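Listing of protein26.cif, mmCIF, C-alpha atoms
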```
data_final
loop_
_atom_site.group_PDB
_atom_site.id
_atom_site.type_symbol
_atom_site.label_atom_id
_atom_site.label_comp_id
_atom_site.auth_asym_id
_atom_site.auth_seq_id
_atom_site.Cartn_x
_atom_site.Cartn_y
_atom_site.Cartn_z
ATOM 1 C CA MET P 16 0.000 0.000 0.000
ATOM 2 C CA ILE P 17 1.144 3.570 -0.629
ATOM 3 C CA GLU P 18 -0.085 6.895 0.747
ATOM 4 C CA VAL P 19 -1.547 9.616 -1.489
ATOM 5 C CA ILE P 20 -3.120 13.040 -0.990
ATOM 6 C CA LEU P 21 -6.554 13.248 -2.585
ATOM 7 C CA LEU P 22 -7.110 16.235 -4.872
ATOM 8 C CA GLU P 23 -10.859 15.558 -5.110
ATOM 9 C CA LYS P 24 -13.444 13.423 -3.376
ATOM 10 C CA ILE P 25 -13.047 9.787 -4.439
ATOM 11 C CA GLY P 26 -16.100 7.659 -3.625
ATOM 12 C CA ARG P 27 -15.714 6.098 -0.204
ATOM 13 C CA LEU P 28 -11.970 6.673 -0.231
ATOM 14 C CA GLY P 29 -11.984 10.174 1.181
ATOM 15 C CA MET P 30 -12.339 13.932 0.719
ATOM 16 C CA ILE P 31 -10.036 16.564 -0.772
ATOM 17 C CA GLY P 32 -6.814 16.878 1.217
ATOM 18 C CA GLN P 33 -7.078 13.546 2.977
ATOM 19 C CA VAL P 34 -4.041 11.293 3.064
ATOM 20 C CA VAL P 35 -5.168 7.736 2.386
ATOM 21 C CA LYS P 36 -3.566 4.372 1.698
ATOM 22 C CA VAL P 37 -4.299 2.724 -1.642
ATOM 23 C CA LYS P 38 -2.985 -0.154 -3.694
ATOM 24 C CA PRO P 39 0.036 0.778 -5.829
ATOM 25 C CA GLY P 40 -1.693 -0.260 -9.059
ATOM 26 C CA PHE P 41 -4.743 1.911 -8.340
ATOM 27 C CA ALA P 42 -2.476 4.879 -7.667
ATOM 28 C CA ARG P 43 -0.223 4.372 -10.704
ATOM 29 C CA ASN P 44 -2.952 3.516 -13.200
ATOM 30 C CA TYR P 45 -5.766 5.814 -12.096
ATOM 31 C CA LEU P 46 -5.263 8.363 -9.319
ATOM 32 C CA LEU P 47 -1.857 9.802 -10.218
ATOM 33 C CA PRO P 48 -2.067 9.989 -14.050
ATOM 34 C CA ARG P 49 -5.545 11.535 -13.846
ATOM 35 C CA LYS P 50 -4.326 14.112 -11.329
ATOM 36 C CA LYS P 51 -6.813 12.966 -8.732
ATOM 37 C CA ALA P 52 -4.088 12.524 -6.130
ATOM 38 C CA LEU P 53 -0.442 13.191 -5.295
ATOM 39 C CA ARG P 54 2.046 10.939 -3.591
ATOM 40 C CA ALA P 55 2.030 11.811 0.091
ATOM 41 C CA THR P 56 5.583 13.124 0.340
ATOM 42 C CA LYS P 57 6.669 15.959 2.609
ATOM 43 C CA ASP P 58 7.144 18.282 -0.375
ATOM 44 C CA ASN P 59 3.764 17.409 -1.922
ATOM 45 C CA LEU P 60 2.001 17.975 1.395
ATOM 46 C CA ALA P 61 3.528 21.437 1.555
ATOM 47 C CA VAL P 62 2.554 22.177 -2.063
ATOM 48 C CA PHE P 63 -1.005 21.011 -1.440
ATOM 49 C CA GLU P 64 -1.440 23.181 1.641
ATOM 50 C CA SER P 65 -0.136 26.216 -0.245
ATOM 51 C CA ARG P 66 -2.635 25.554 -3.067
ATOM 52 C CA ARG P 67 -5.551 24.165 -1.039
ATOM 53 C CA ALA P 68 -7.869 27.123 -1.688
ATOM 54 C CA GLU P 69 -7.111 27.023 -5.422
ATOM 55 C CA ILE P 70 -7.679 23.258 -5.630
ATOM 56 C CA GLU P 71 -10.957 23.446 -3.695
ATOM 57 C CA ALA P 72 -12.202 26.300 -5.915
ATOM 58 C CA ALA P 73 -11.348 24.343 -9.072
ATOM 59 C CA ASN P 74 -13.181 21.315 -7.700
ATOM 60 C CA ALA P 75 -16.250 23.406 -6.902
ATOM 61 C CA ALA P 76 -16.269 24.773 -10.469
ATOM 62 C CA ALA P 77 -15.945 21.252 -11.894
ATOM 63 C CA ARG P 78 -18.800 20.066 -9.672
ATOM 64 C CA GLU P 79 -21.026 22.916 -10.859
ATOM 65 C CA LYS P 80 -20.221 22.163 -14.499
ATOM 66 C CA ALA P 81 -20.988 18.479 -13.934
ATOM 67 C CA GLY P 82 -24.296 19.444 -12.377
ATOM 68 C CA GLU P 83 -25.267 21.343 -15.525
ATOM 69 C CA ARG P 84 -24.287 18.358 -17.693
ATOM 70 C CA SER P 85 -26.317 16.090 -15.440
ATOM 71 C CA LYS P 86 -29.456 18.084 -16.172
ATOM 72 C CA THR P 87 -29.159 17.284 -19.887
ATOM 73 C CA LEU P 88 -28.226 13.631 -19.375
ATOM 74 C CA ASP P 89 -30.252 12.429 -16.397
ATOM 75 C CA GLY P 90 -33.315 10.471 -17.500
ATOM 76 C CA ARG P 91 -32.197 10.162 -21.133
ATOM 77 C CA LYS P 92 -32.970 6.938 -22.993
ATOM 78 C CA PHE P 93 -30.725 5.332 -25.582
ATOM 79 C CA VAL P 94 -31.433 2.458 -27.960
ATOM 80 C CA ILE P 95 -28.822 -0.257 -28.488
ATOM 81 C CA ILE P 96 -29.444 -2.834 -31.226
ATOM 82 C CA ARG P 97 -28.123 -6.324 -30.565
ATOM 83 C CA GLN P 98 -28.762 -9.849 -31.828
ATOM 84 C CA ALA P 99 -30.498 -12.102 -29.312
ATOM 85 C CA SER P 100 -32.164 -15.471 -28.898
ATOM 86 C CA GLU P 101 -35.922 -15.968 -28.976
ATOM 87 C CA VAL P 102 -36.074 -15.710 -25.183
ATOM 88 C CA GLY P 103 -34.108 -12.450 -25.102
ATOM 89 C CA HIS P 104 -30.578 -13.614 -24.282
ATOM 90 C CA LEU P 105 -27.981 -11.526 -26.126
ATOM 91 C CA PHE P 106 -25.444 -13.149 -28.420
ATOM 92 C CA GLY P 107 -22.667 -11.278 -26.622
ATOM 93 C CA SER P 108 -23.203 -8.431 -24.160
ATOM 94 C CA VAL P 109 -23.330 -4.662 -23.657
ATOM 95 C CA THR P 110 -20.216 -3.567 -21.773
ATOM 96 C CA VAL P 111 -18.929 -0.458 -20.029
ATOM 97 C CA ARG P 112 -16.945 0.359 -23.169
ATOM 98 C CA ASP P 113 -20.141 0.153 -25.282
ATOM 99 C CA VAL P 114 -21.981 2.550 -22.970
ATOM 100 C CA ALA P 115 -19.097 5.029 -22.849
ATOM 101 C CA THR P 116 -18.816 4.979 -26.658
ATOM 102 C CA LEU P 117 -22.579 5.428 -27.040
ATOM 103 C CA LEU P 118 -22.579 8.496 -24.787
ATOM 104 C CA HIS P 119 -19.464 9.934 -26.415
ATOM 105 C CA ASP P 120 -21.074 9.600 -29.859
ATOM 106 C CA ALA P 121 -24.166 11.341 -28.477
ATOM 107 C CA GLY P 122 -22.039 14.359 -27.548
ATOM 108 C CA PHE P 123 -21.239 13.655 -23.902
ATOM 109 C CA GLU P 124 -17.609 13.580 -22.794
ATOM 110 C CA MET P 125 -17.364 10.177 -21.209
ATOM 111 C CA GLU P 126 -14.772 7.627 -20.181
ATOM 112 C CA ARG P 127 -15.242 4.024 -19.137
ATOM 113 C CA GLN P 128 -14.425 4.900 -15.526
ATOM 114 C CA ASN P 129 -17.490 7.175 -15.458
ATOM 115 C CA VAL P 130 -19.926 4.328 -16.194
ATOM 116 C CA ALA P 131 -21.139 2.373 -13.147
ATOM 117 C CA LEU P 132 -22.108 -0.945 -14.714
ATOM 118 C CA PRO P 133 -21.594 -3.772 -12.178
ATOM 119 C CA SER P 134 -21.703 -6.456 -14.866
ATOM 120 C CA PRO P 135 -22.244 -6.598 -18.650
ATOM 121 C CA ILE P 136 -25.846 -6.517 -19.871
ATOM 122 C CA LYS P 137 -26.769 -9.885 -21.392
ATOM 123 C CA ALA P 138 -30.509 -9.604 -21.990
ATOM 124 C CA LEU P 139 -32.972 -7.542 -24.004
ATOM 125 C CA GLY P 140 -35.039 -4.943 -22.194
ATOM 126 C CA LEU P 141 -34.763 -1.613 -20.396
ATOM 127 C CA HIS P 142 -31.705 -1.245 -18.168
ATOM 128 C CA LYS P 143 -30.949 1.714 -15.887
ATOM 129 C CA VAL P 144 -27.282 2.680 -15.684
ATOM 130 C CA GLU P 145 -25.656 5.250 -13.416
ATOM 131 C CA VAL P 146 -23.049 7.571 -14.898
ATOM 132 C CA HIS P 147 -20.661 9.589 -12.722
ATOM 133 C CA LEU P 148 -19.982 13.039 -14.162
ATOM 134 C CA HIS P 149 -18.025 14.118 -11.085
ATOM 135 C CA ALA P 150 -17.102 12.534 -7.778
ATOM 136 C CA GLU P 151 -20.196 14.186 -6.294
ATOM 137 C CA VAL P 152 -22.526 14.275 -9.311
ATOM 138 C CA ALA P 153 -24.220 11.351 -11.053
ATOM 139 C CA ALA P 154 -26.919 10.869 -13.677
ATOM 140 C CA THR P 155 -29.093 7.865 -14.484
ATOM 141 C CA ILE P 156 -29.787 6.823 -18.065
ATOM 142 C CA THR P 157 -31.897 4.014 -19.532
ATOM 143 C CA LEU P 158 -30.552 1.641 -22.151
ATOM 144 C CA ASN P 159 -33.209 0.120 -24.389
ATOM 145 C CA VAL P 160 -31.499 -3.036 -25.670
ATOM 146 C CA ALA P 161 -33.487 -4.519 -28.544
ATOM 147 C CA ARG P 162 -33.130 -6.587 -31.728
ATOM 148 C CA THR P 163 -34.638 -3.887 -33.966
ATOM 149 C CA GLU P 164 -35.804 -0.289 -33.775
ATOM 150 C CA ASP P 165 -39.426 -1.491 -33.963
ATOM 151 C CA GLU P 166 -38.915 -3.834 -31.007
ATOM 152 C CA ALA P 167 -37.264 -1.002 -29.115
ATOM 153 C CA LYS P 168 -40.458 1.045 -29.566
ATOM 154 C CA VAL P 169 -42.537 -1.842 -28.201
ATOM 155 C CA GLN P 170 -40.233 -2.232 -25.221
ATOM 156 C CA GLU P 171 -40.404 1.516 -24.577
ATOM 157 C CA LYS P 172 -44.207 1.324 -24.564
ATOM 158 C CA THR P 173 -44.604 -1.859 -22.502
ATOM 159 C CA GLY P 174 -41.533 -1.584 -20.322
ATOM 160 C CA ALA P 175 -40.689 -5.239 -20.964
ATOM 161 C CA ALA P 176 -38.396 -7.112 -23.311
ATOM 162 C CA VAL P 177 -39.883 -8.494 -26.520
ATOM 163 C CA LYS P 178 -39.562 -12.272 -26.446
ATOM 164 C CA MET P 179 -40.578 -14.627 -29.205
ATOM 165 C CA ALA P 180 -40.849 -17.677 -26.985
ATOM 166 C CA THR P 181 -40.898 -18.636 -23.337
ATOM 167 C CA ALA P 182 -37.828 -20.115 -21.710
ATOM 168 C CA ALA P 183 -39.542 -23.509 -21.549
ATOM 169 C CA GLU P 184 -40.421 -23.385 -25.250
ATOM 170 C CA ASP P 185 -36.899 -22.347 -26.158
ATOM 171 C CA LYS P 186 -35.417 -25.138 -24.071
ATOM 172 C CA GLN P 187 -37.774 -27.699 -25.594
ATOM 173 C CA ALA P 188 -36.886 -26.514 -29.099
ATOM 174 C CA ALA P 189 -33.194 -26.802 -28.296
ATOM 175 C CA LEU P 190 -33.666 -30.338 -26.977
ATOM 176 C CA LEU P 191 -35.559 -31.364 -30.088
ATOM 177 C CA ARG P 192 -32.845 -29.937 -32.310
ATOM 178 C CA GLN P 193 -30.190 -31.776 -30.319
ATOM 179 C CA GLU P 194 -32.121 -35.049 -30.589
ATOM 180 C CA GLU P 195 -32.287 -34.619 -34.356
ATOM 181 C CA VAL P 196 -28.537 -34.020 -34.512
ATOM 182 C CA ASN P 197 -27.859 -37.061 -32.335
ATOM 183 C CA ARG P 198 -30.024 -39.261 -34.533
ATOM 184 C CA ALA P 199 -28.272 -38.038 -37.649
ATOM 185 C CA LEU P 200 -24.838 -38.664 -36.138
ATOM 186 C CA PHE P 201 -25.280 -41.939 -34.343
ATOM 187 C CA GLU P 202 -28.144 -43.877 -35.862
ATOM 188 C CA LYS P 203 -27.080 -46.455 -38.430
ATOM 189 C CA PRO P 204 -29.084 -46.619 -41.636
ATOM 190 C CA ALA P 205 -31.454 -49.574 -41.698
ATOM 191 C CA GLU P 206 -30.035 -52.569 -43.514
ATOM 192 C CA GLU P 207 -31.865 -53.636 -46.620
ATOM 193 C CA PRO P 208 -33.498 -57.076 -46.244
ATOM 194 C CA LYS P 209 -31.513 -59.850 -47.881
ATOM 195 C CA PRO P 210 -33.342 -61.777 -50.594
ATOM 196 C CA GLU P 211 -34.463 -65.183 -49.419
ATOM 197 C CA ALA P 212 -32.426 -68.079 -50.760
ATOM 198 C CA ALA P 213 -34.236 -69.964 -53.514
ATOM 199 C CA ALA P 214 -35.619 -73.311 -52.365
ATOM 200 C CA GLU P 215 -33.510 -76.179 -53.579
ATOM 201 C CA GLU P 216 -35.189 -78.471 -56.102
ATOM 202 C CA PRO P 217 -35.578 -82.093 -54.942
ATOM 203 C CA ALA P 218 -32.936 -84.364 -56.381
ATOM 204 C CA LYS P 219 -34.179 -86.481 -59.282
ATOM 205 C CA GLU P 220 -33.885 -90.267 -58.891
#
```
The structure given in the file should be rewritten as structure tokens.
Amino acid sequence: MIEVILLEKIGRLGMIGQVVKVKPGFARNYLLPRKKALRATKDNLAVFESRRAEIEAANAAAREKAGERSKTLDGRKFVIIRQASEVGHLFGSVTVRDVATLLHDAGFEMERQNVALPSPIKALGLHKVEVHLHAEVAATITLNVARTEDEAKVQEKTGAAVKMATAAEDKQAALLRQEEVNRALFEKPAEEPKPEAAAEEPAKE
């Protein structure tokens, strides 16, 4: 573990100016390169204290800007088209990278670290996702994951995923298909009946 000085509030880690212990990888790969923290050296502590008011003012301005962005993003709905099975299971998934790219293309500055998606989305339907615009500001969007634009409209209206079959029906269909494959692979073709041997004529005396 190494000690760093936080330059902004970081989740449950701490507030601006706090010295906290974090894993080296988290510091090197995230906090330090993104200027969210400084190594807690004697010189850096002195620099921070001399610039505390400036750093806190900059953070307040960033928080206010994020709040304005949140007003335009919070509650927005986005359609994502994906291939899926008849029961609504995606052939693949919607990931953090997909969401960040979607928002970026829609005009919102966004990085993967801003998207709070606990696990990839693997089913059709409406999914709420939280997006962090600042350490203290978040917005919630809805992803409408559908096979087509028309199905997305139906899902928007009903609030439920469009499914073409129930799970039981889909499972039964899969079993039937597998049985057909097994028969084709393992069943031997029926042997043609052999012609009966001609009856021998009785020997002549």
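With distances restricted to only C-alpha atoms, P:His147 is the closest residue to Gly26 in chain P from P:His147, P:Arg112, P:Arg162, P:Arg78.
Nearest residue to Asp113 in chain P among P:Ala161, P:Val62, P:Ala68, P:Ile95 is P:Ile95, counting only C-alpha atoms.
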**OP:** Would you mind telling me which residue in P:Val19, P:Val177, P:Val152, P:Ala115 lies nearest to Ala138 in chain P when using only C-alpha atoms?
**Re:** P:Val177
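Of the residues listed (P:Ala42, P:Ala121, P:Ile156, P:Ile70), P:Ile70 shows the shortest atom-to-atom separation from Leu22 in chain P; distances use all atoms listed in the file.
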Subject >> Using only C-alpha atoms: which of P:Glu171, P:Glu18, P:Phe123, P:Ser108 has the shortest distance to Arg84 in chain P >> reply: P:Phe123
**OP:** Run the PyMOL selection byres ((chain P and resi 155) around 6) on the file and write out the hits as a PyMOL selection string.
**Re:** chain P and resi 89-90+144-145+154+156
Original post:
Which protein, DNA or RNA residues are at most 9 Å from (-5.3, 2.2, 0.4) in the file's coordinates when you count only C-alpha atoms, listed as a ChimeraX atom specification?
Top reply: /P:16-19,28,35-39,41-42
Original post:
Can you tell me how far CA of Lys143 in chain P sits from CA of Val109 in chain P, in Å to one decimal?
Top reply: 12.6 Å
Any chance you could work out the axis-aligned box around range 122-138 of chain P, listed atoms only, 3 Å on each side, giving centre and edge lengths in Å to one decimal, as lines of an AutoDock Vina configuration file?
```
center_x = -22.5
center_y = 2.2
center_z = -19.9
size_x = 22.1
size_y = 30.2
size_z = 21.4
```
Subject >> Residues in the PyMOL selection byres ((chain P and resi 104) around 7), expressed as a ChimeraX atom specification >> reply: /P:99-100,102-103,105-106,137-139
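The space between CA of Arg67 in chain P and CA of Leu53 in chain P spans 12.8 Å.
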